[in-house]
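Coordinates as given in structure.tsv (TSV, C-alpha atoms):
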chain	number	residue	atom	x	y	z
A	249	MET	CA	-40.23	1.68	-20.75
A	250	ALA	CA	-38.22	-0.39	-18.28
A	251	GLU	CA	-35.21	-0.13	-20.60
A	252	GLU	CA	-35.51	3.67	-20.62
A	253	GLU	CA	-35.65	3.78	-16.81
A	254	GLU	CA	-32.65	1.47	-16.54
A	255	GLU	CA	-30.72	3.58	-19.08
A	256	GLU	CA	-31.63	6.76	-17.19
A	257	GLU	CA	-30.54	5.17	-13.89
A	258	THR	CA	-27.25	4.03	-15.45
A	259	SER	CA	-26.65	7.50	-16.87
A	260	SER	CA	-27.45	9.11	-13.52
A	261	ALA	CA	-25.09	6.71	-11.72
A	262	ALA	CA	-22.33	7.47	-14.24
A	263	LEU	CA	-22.79	11.23	-13.69
A	264	ARG	CA	-22.78	10.77	-9.91
A	265	ARG	CA	-19.66	8.63	-10.18
A	266	ARG	CA	-17.83	11.24	-12.29
A	267	ASP	CA	-18.90	13.98	-9.87
A	268	LEU	CA	-17.69	11.98	-6.86
A	269	CYS	CA	-14.40	11.22	-8.62
A	270	SER	CA	-13.87	14.89	-9.56
A	271	ARG	CA	-14.54	16.04	-6.01
A	272	GLY	CA	-12.33	13.25	-4.67
A	273	ILE	CA	-9.47	14.31	-6.94
A	274	ARG	CA	-9.76	17.88	-5.62
A	275	LEU	CA	-9.90	16.62	-2.02
A	276	ALA	CA	-6.83	14.46	-2.58
A	277	GLY	CA	-4.95	17.40	-4.12
A	278	LYS	CA	-5.82	19.67	-1.20
A	279	MET	CA	-4.89	16.96	1.27
A	280	ARG	CA	-1.54	16.41	-0.49
A	281	SER	CA	-0.78	20.13	-0.30
A	282	ASP	CA	-1.75	20.36	3.37
A	283	VAL	CA	0.23	17.23	4.25
A	284	ALA	CA	3.30	18.70	2.50
A	285	ASP	CA	2.96	21.86	4.61
A	286	LEU	CA	2.41	19.79	7.76
A	287	LEU	CA	5.42	17.63	6.92
A	288	ASP	CA	7.66	20.70	6.72
A	289	ALA	CA	6.33	22.03	10.04
A	290	TYR	CA	6.58	18.60	11.65
A	291	VAL	CA	10.23	18.15	10.64
A	292	GLU	CA	11.09	21.61	11.92
A	293	ARG	CA	9.18	21.44	15.20
A	294	GLN	CA	10.26	17.91	16.03
A	295	GLY	CA	13.91	18.78	15.36
A	296	LEU	CA	14.28	16.17	12.65
A	297	ASP	CA	16.43	16.20	9.55
A	298	ALA	CA	14.26	16.31	6.41
A	299	SER	CA	16.27	13.40	5.00
A	300	ALA	CA	15.66	11.26	8.10
A	301	SER	CA	14.49	7.79	7.25
A	302	GLY	CA	10.90	6.95	7.90
A	303	ALA	CA	11.26	3.53	6.27
A	304	ALA	CA	8.48	0.96	6.20
A	305	LEU	CA	6.85	0.91	9.59
A	306	ASP	CA	4.36	-1.53	11.08
A	307	GLY	CA	0.80	-0.38	10.59
A	308	VAL	CA	1.63	2.34	8.05
A	309	PRO	CA	0.02	1.44	4.71
A	310	ALA	CA	2.43	1.65	1.78
A	311	ALA	CA	1.15	3.50	-1.29
A	312	ALA	CA	3.27	1.45	-3.68
A	313	ALA	CA	1.22	-0.99	-5.70
A	314	GLU	CA	3.19	-3.61	-7.55
A	315	ARG	CA	0.21	-4.80	-9.56
A	316	TRP	CA	-1.72	-1.52	-9.75
A	317	GLY	CA	-2.58	-2.04	-13.42
A	318	GLU	CA	-4.10	-5.44	-12.66
A	319	GLN	CA	-6.45	-4.17	-9.97
A	320	THR	CA	-10.11	-3.49	-10.66
A	321	GLU	CA	-11.52	-0.09	-9.82
A	322	SER	CA	-13.33	-1.59	-6.85
A	323	GLN	CA	-10.12	-3.17	-5.55
A	324	ARG	CA	-8.38	0.19	-5.81
A	325	LEU	CA	-11.19	1.88	-3.89
A	326	VAL	CA	-11.09	-0.78	-1.17
A	327	ASP	CA	-7.29	-0.43	-0.87
A	328	ASN	CA	-7.68	3.33	-0.60
A	329	LEU	CA	-10.41	3.04	2.02
A	330	ARG	CA	-8.36	0.64	4.14
A	331	ALA	CA	-5.36	2.96	3.94
A	332	TYR	CA	-7.30	6.07	4.95
A	333	ARG	CA	-8.96	4.25	7.83
A	334	ALA	CA	-5.49	3.24	9.03
A	335	PHE	CA	-4.22	6.81	8.59
A	336	ARG	CA	-7.17	8.09	10.60
A	337	ALA	CA	-6.10	5.89	13.51
A	338	LEU	CA	-2.41	6.75	13.09
A	339	LEU	CA	-3.06	10.49	12.94
A	340	THR	CA	-5.30	10.29	16.00
A	341	GLU	CA	-2.45	8.58	17.83
A	342	MET	CA	0.04	11.20	16.60
A	343	LEU	CA	-2.23	14.01	17.73
A	344	GLU	CA	-2.56	12.49	21.21
A	345	GLU	CA	1.21	12.02	21.44
A	346	GLN	CA	1.84	15.56	20.25
A	347	ARG	CA	-0.52	16.94	22.89
A	348	GLU	CA	1.18	14.86	25.59
A	349	GLN	CA	4.63	16.04	24.48
A	350	THR	CA	3.99	19.73	24.11
A	351	GLY	CA	0.68	20.38	25.80
A	352	ALA	CA	-0.39	23.90	24.90
A	353	ALA	CA	3.17	24.90	23.97
A	354	ASP	CA	2.74	24.18	20.23
A	355	PRO	CA	-0.92	24.60	19.28
A	356	ALA	CA	-0.11	25.27	15.60
A	357	LEU	CA	1.25	21.76	15.02
A	358	GLY	CA	-1.70	20.22	16.85
A	359	ASP	CA	-4.14	22.29	14.83
A	360	ALA	CA	-2.45	21.29	11.56
A	361	LEU	CA	-2.53	17.61	12.56
A	362	ALA	CA	-6.21	17.91	13.52
A	363	ALA	CA	-7.02	19.59	10.19
A	364	VAL	CA	-5.33	16.81	8.21
A	365	LEU	CA	-7.08	14.21	10.37
A	366	LEU	CA	-10.43	15.81	9.43
A	367	GLN	CA	-9.46	15.70	5.74
A	368	VAL	CA	-8.51	12.04	6.01
A	369	SER	CA	-11.84	11.25	7.71
A	370	ALA	CA	-13.76	13.17	5.04
A	371	PHE	CA	-11.84	11.42	2.28
A	372	ALA	CA	-12.56	8.00	3.81
A	373	TYR	CA	-16.26	8.90	3.88
A	374	HIS	CA	-16.01	10.02	0.24
A	375	LEU	CA	-14.47	6.67	-0.71
A	376	GLU	CA	-17.27	4.86	1.14
A	377	GLU	CA	-19.79	6.79	-0.97
A	378	LEU	CA	-18.00	5.74	-4.15
A	379	LEU	CA	-17.92	2.12	-3.04
A	380	ARG	CA	-21.64	2.22	-2.25
A	381	LEU	CA	-22.28	3.57	-5.75
A	382	GLU	CA	-20.04	0.89	-7.28
A	383	SER	CA	-21.65	-1.99	-5.45
A	384	ARG	CA	-25.09	-0.45	-4.90
A	385	GLY	CA	-24.77	-1.71	-1.36
A	386	PRO	CA	-22.87	-0.92	1.81
A	387	ALA	CA	-19.22	0.03	1.55
A	388	GLY	CA	-16.84	-2.90	1.69
A	389	GLY	CA	-14.21	-3.44	4.30
A	390	GLU	CA	-14.26	-3.36	8.03
A	391	GLU	CA	-13.29	-0.36	10.09
A	392	ALA	CA	-9.60	-0.55	10.86
A	393	ALA	CA	-8.83	-1.63	14.40
A	394	GLY	CA	-6.11	0.97	14.61
A	395	PRO	CA	-2.38	0.83	14.43
A	396	PRO	CA	-0.65	-2.05	16.14
A	397	ALA	CA	0.50	-1.27	19.64
A	398	LEU	CA	4.20	-0.60	19.58
A	399	PRO	CA	5.27	-0.77	23.18
A	400	GLY	CA	8.50	0.80	24.24
A	401	LEU	CA	8.85	3.32	21.43
A	402	GLY	CA	10.98	6.16	22.65
A	403	LEU	CA	10.33	9.79	21.84
A	404	PHE	CA	12.71	9.81	18.87
A	405	GLU	CA	11.21	6.62	17.42
A	406	ARG	CA	7.71	8.09	17.75
A	407	LYS	CA	8.90	11.22	15.93
A	408	LEU	CA	10.37	9.09	13.12
A	409	ARG	CA	7.18	7.06	12.96
A	410	GLY	CA	5.18	10.28	12.63
A	411	LEU	CA	7.48	11.39	9.84
A	412	GLY	CA	6.90	8.06	8.06
A	413	VAL	CA	3.13	8.37	8.51
A	414	LEU	CA	3.06	11.85	6.97
A	415	ARG	CA	5.33	10.89	4.06
A	416	GLU	CA	3.25	7.85	3.23
A	417	LEU	CA	0.00	9.81	3.56
A	418	ALA	CA	1.36	12.28	0.99
A	419	ARG	CA	2.11	9.36	-1.35
A	420	TRP	CA	-1.38	7.97	-0.81
A	421	ALA	CA	-2.93	11.33	-1.72
A	422	VAL	CA	-1.10	11.15	-5.07
A	423	ARG	CA	-2.09	7.51	-5.59
A	424	SER	CA	-5.71	8.24	-4.68
A	425	ALA	CA	-5.95	11.05	-7.22
A	426	ARG	CA	-4.49	8.69	-9.85
A	427	ASP	CA	-6.98	5.94	-8.88
A	428	LEU	CA	-9.91	8.36	-9.05
A	429	ARG	CA	-8.80	9.70	-12.44
A	430	GLN	CA	-8.75	6.11	-13.71
A	431	LEU	CA	-12.21	5.48	-12.26
A	432	ALA	CA	-13.61	8.67	-13.82
A	433	LYS	CA	-12.56	7.69	-17.36
A	434	PRO	CA	-15.42	6.65	-19.59
A	435	GLY	CA	-15.16	3.22	-21.14
A	436	PRO	CA	-15.15	-0.37	-19.91
A	437	GLY	CA	-12.97	0.34	-16.85
A	438	GLY	CA	-14.45	3.72	-16.01
A	439	ARG	CA	-17.85	3.07	-17.56
Please re-express this file's structure in structure tokens.
Amino acid sequence: MAEEEEEEETSSAALRRRDLCSRGIRLAGKMRSDVADLLDAYVERQGLDASASGAALDGVPAAAAERWGEQTESQRLVDNLRAYRAFRALLTEMLEEQREQTGAADPALGDALAAVLLQVSAFAYHLEELLRLESRGPAGGEEAAGPPALPGLGLFERKLRGLGVLRELARWAVRSARDLRQLAKPGPGGR
């Protein structure tokens, strides 16, 4: 009897996990599409060249994973959660800067930034749910303290930093979908 209950609980957890992964993959795809649209608008409205470098910047999580294949599913989820928490702080900062720069003059860009910020927050919550299911406890990782203070950044440097944030967020959306597909697979790694 106890074995049947445990088997039923395991089966239910596996179904919940697959459902969360499927919804997460869709969320990541939508976020990637919206970030691509925002990136185009951002480049245009900020007067940047699309090929401008937004090279590695302090506080912007890099989506590249040298040892991705060696990570456990839980490690991938924790990495994703940390990244999206950092992006939440970075996008909040970008939104504040954009409002200071343009005020009410460019509400479309502010609205698009706010919409992506909401998606990032929702995705972080989604990852927390997956981590709770994985560990059957509270989600791992501390809330990010926010991006490091970068005193003295001029307007152009802030624009380039914003470009780098959006580009890396787009890469993370692709990586997250890949991580969730891996997690959703049945078998030893994806249960």
Using all atoms listed in the file, determine which residues lie at most 9 Å from Leu417 (chain A), disregarding the query and same-chain residues fewer than 2 positions distant; provide the list as a ChimeraX atom specification. /A:279-280,283,308-311,331-332,335,412-415,419-422
Got a sec: who's within 10 Å of Val326 (chain A), counting all atoms listed in the file, leaving out chain neighbours fewer than 3 positions off, as number ranges by chain? A: 320-323, 329-332, 375-376, 378-379, 387-389
Smallest atom-to-atom distance to Leu365 (chain A): which of A:Arg266, A:Arg333, A:Arg315, A:Lys407, using all atoms listed in the file?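 Using all atoms listed in the file, the shortest distance to Leu365 (chain A) belongs to A:Arg333.
For the set A:Ser260, A:Ser383, A:Thr350, A:Gln294, the residue with the smallest atom-to-atom gap to Arg406 (chain A) is A:Gln294, counting all atoms listed in the file.
Residues lying within 12 Å of Glu344 (chain A), counting only C-alpha atoms and ignoring same-chain neighbours fewer than 3 positions away, are Ala337, Leu338, Leu339, Thr340, Glu341, Arg347, Glu348, Gln349, Thr350, Gly351, Leu357, Gly358, Asp359, Leu361, Ala362, Leu365, Arg406 and Gly410 of chain A.
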In terms of the shortest atom-to-atom distance over all atoms listed in the file, which of A:Glu416, A:Asp297, A:Glu382, A:Glu377 is closest to Gly272 (chain A)?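 That would be A:Glu377, the residue with the smallest distance to Gly272 (chain A).
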What is the CA of Arg336 (chain A)-CA of Leu411 (chain A) distance in Å, reported with one decimal?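 We find that CA of Arg336 (chain A) and CA of Leu411 (chain A) lie 15.0 Å from each other.
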Go through A:Arg409, A:Ala363, A:Leu403, A:Arg265 and flag the residue nearest Gly307 (chain A), using only C-alpha atoms for the distances.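 Result for the nearest residue to Gly307 (chain A): A:Arg409.
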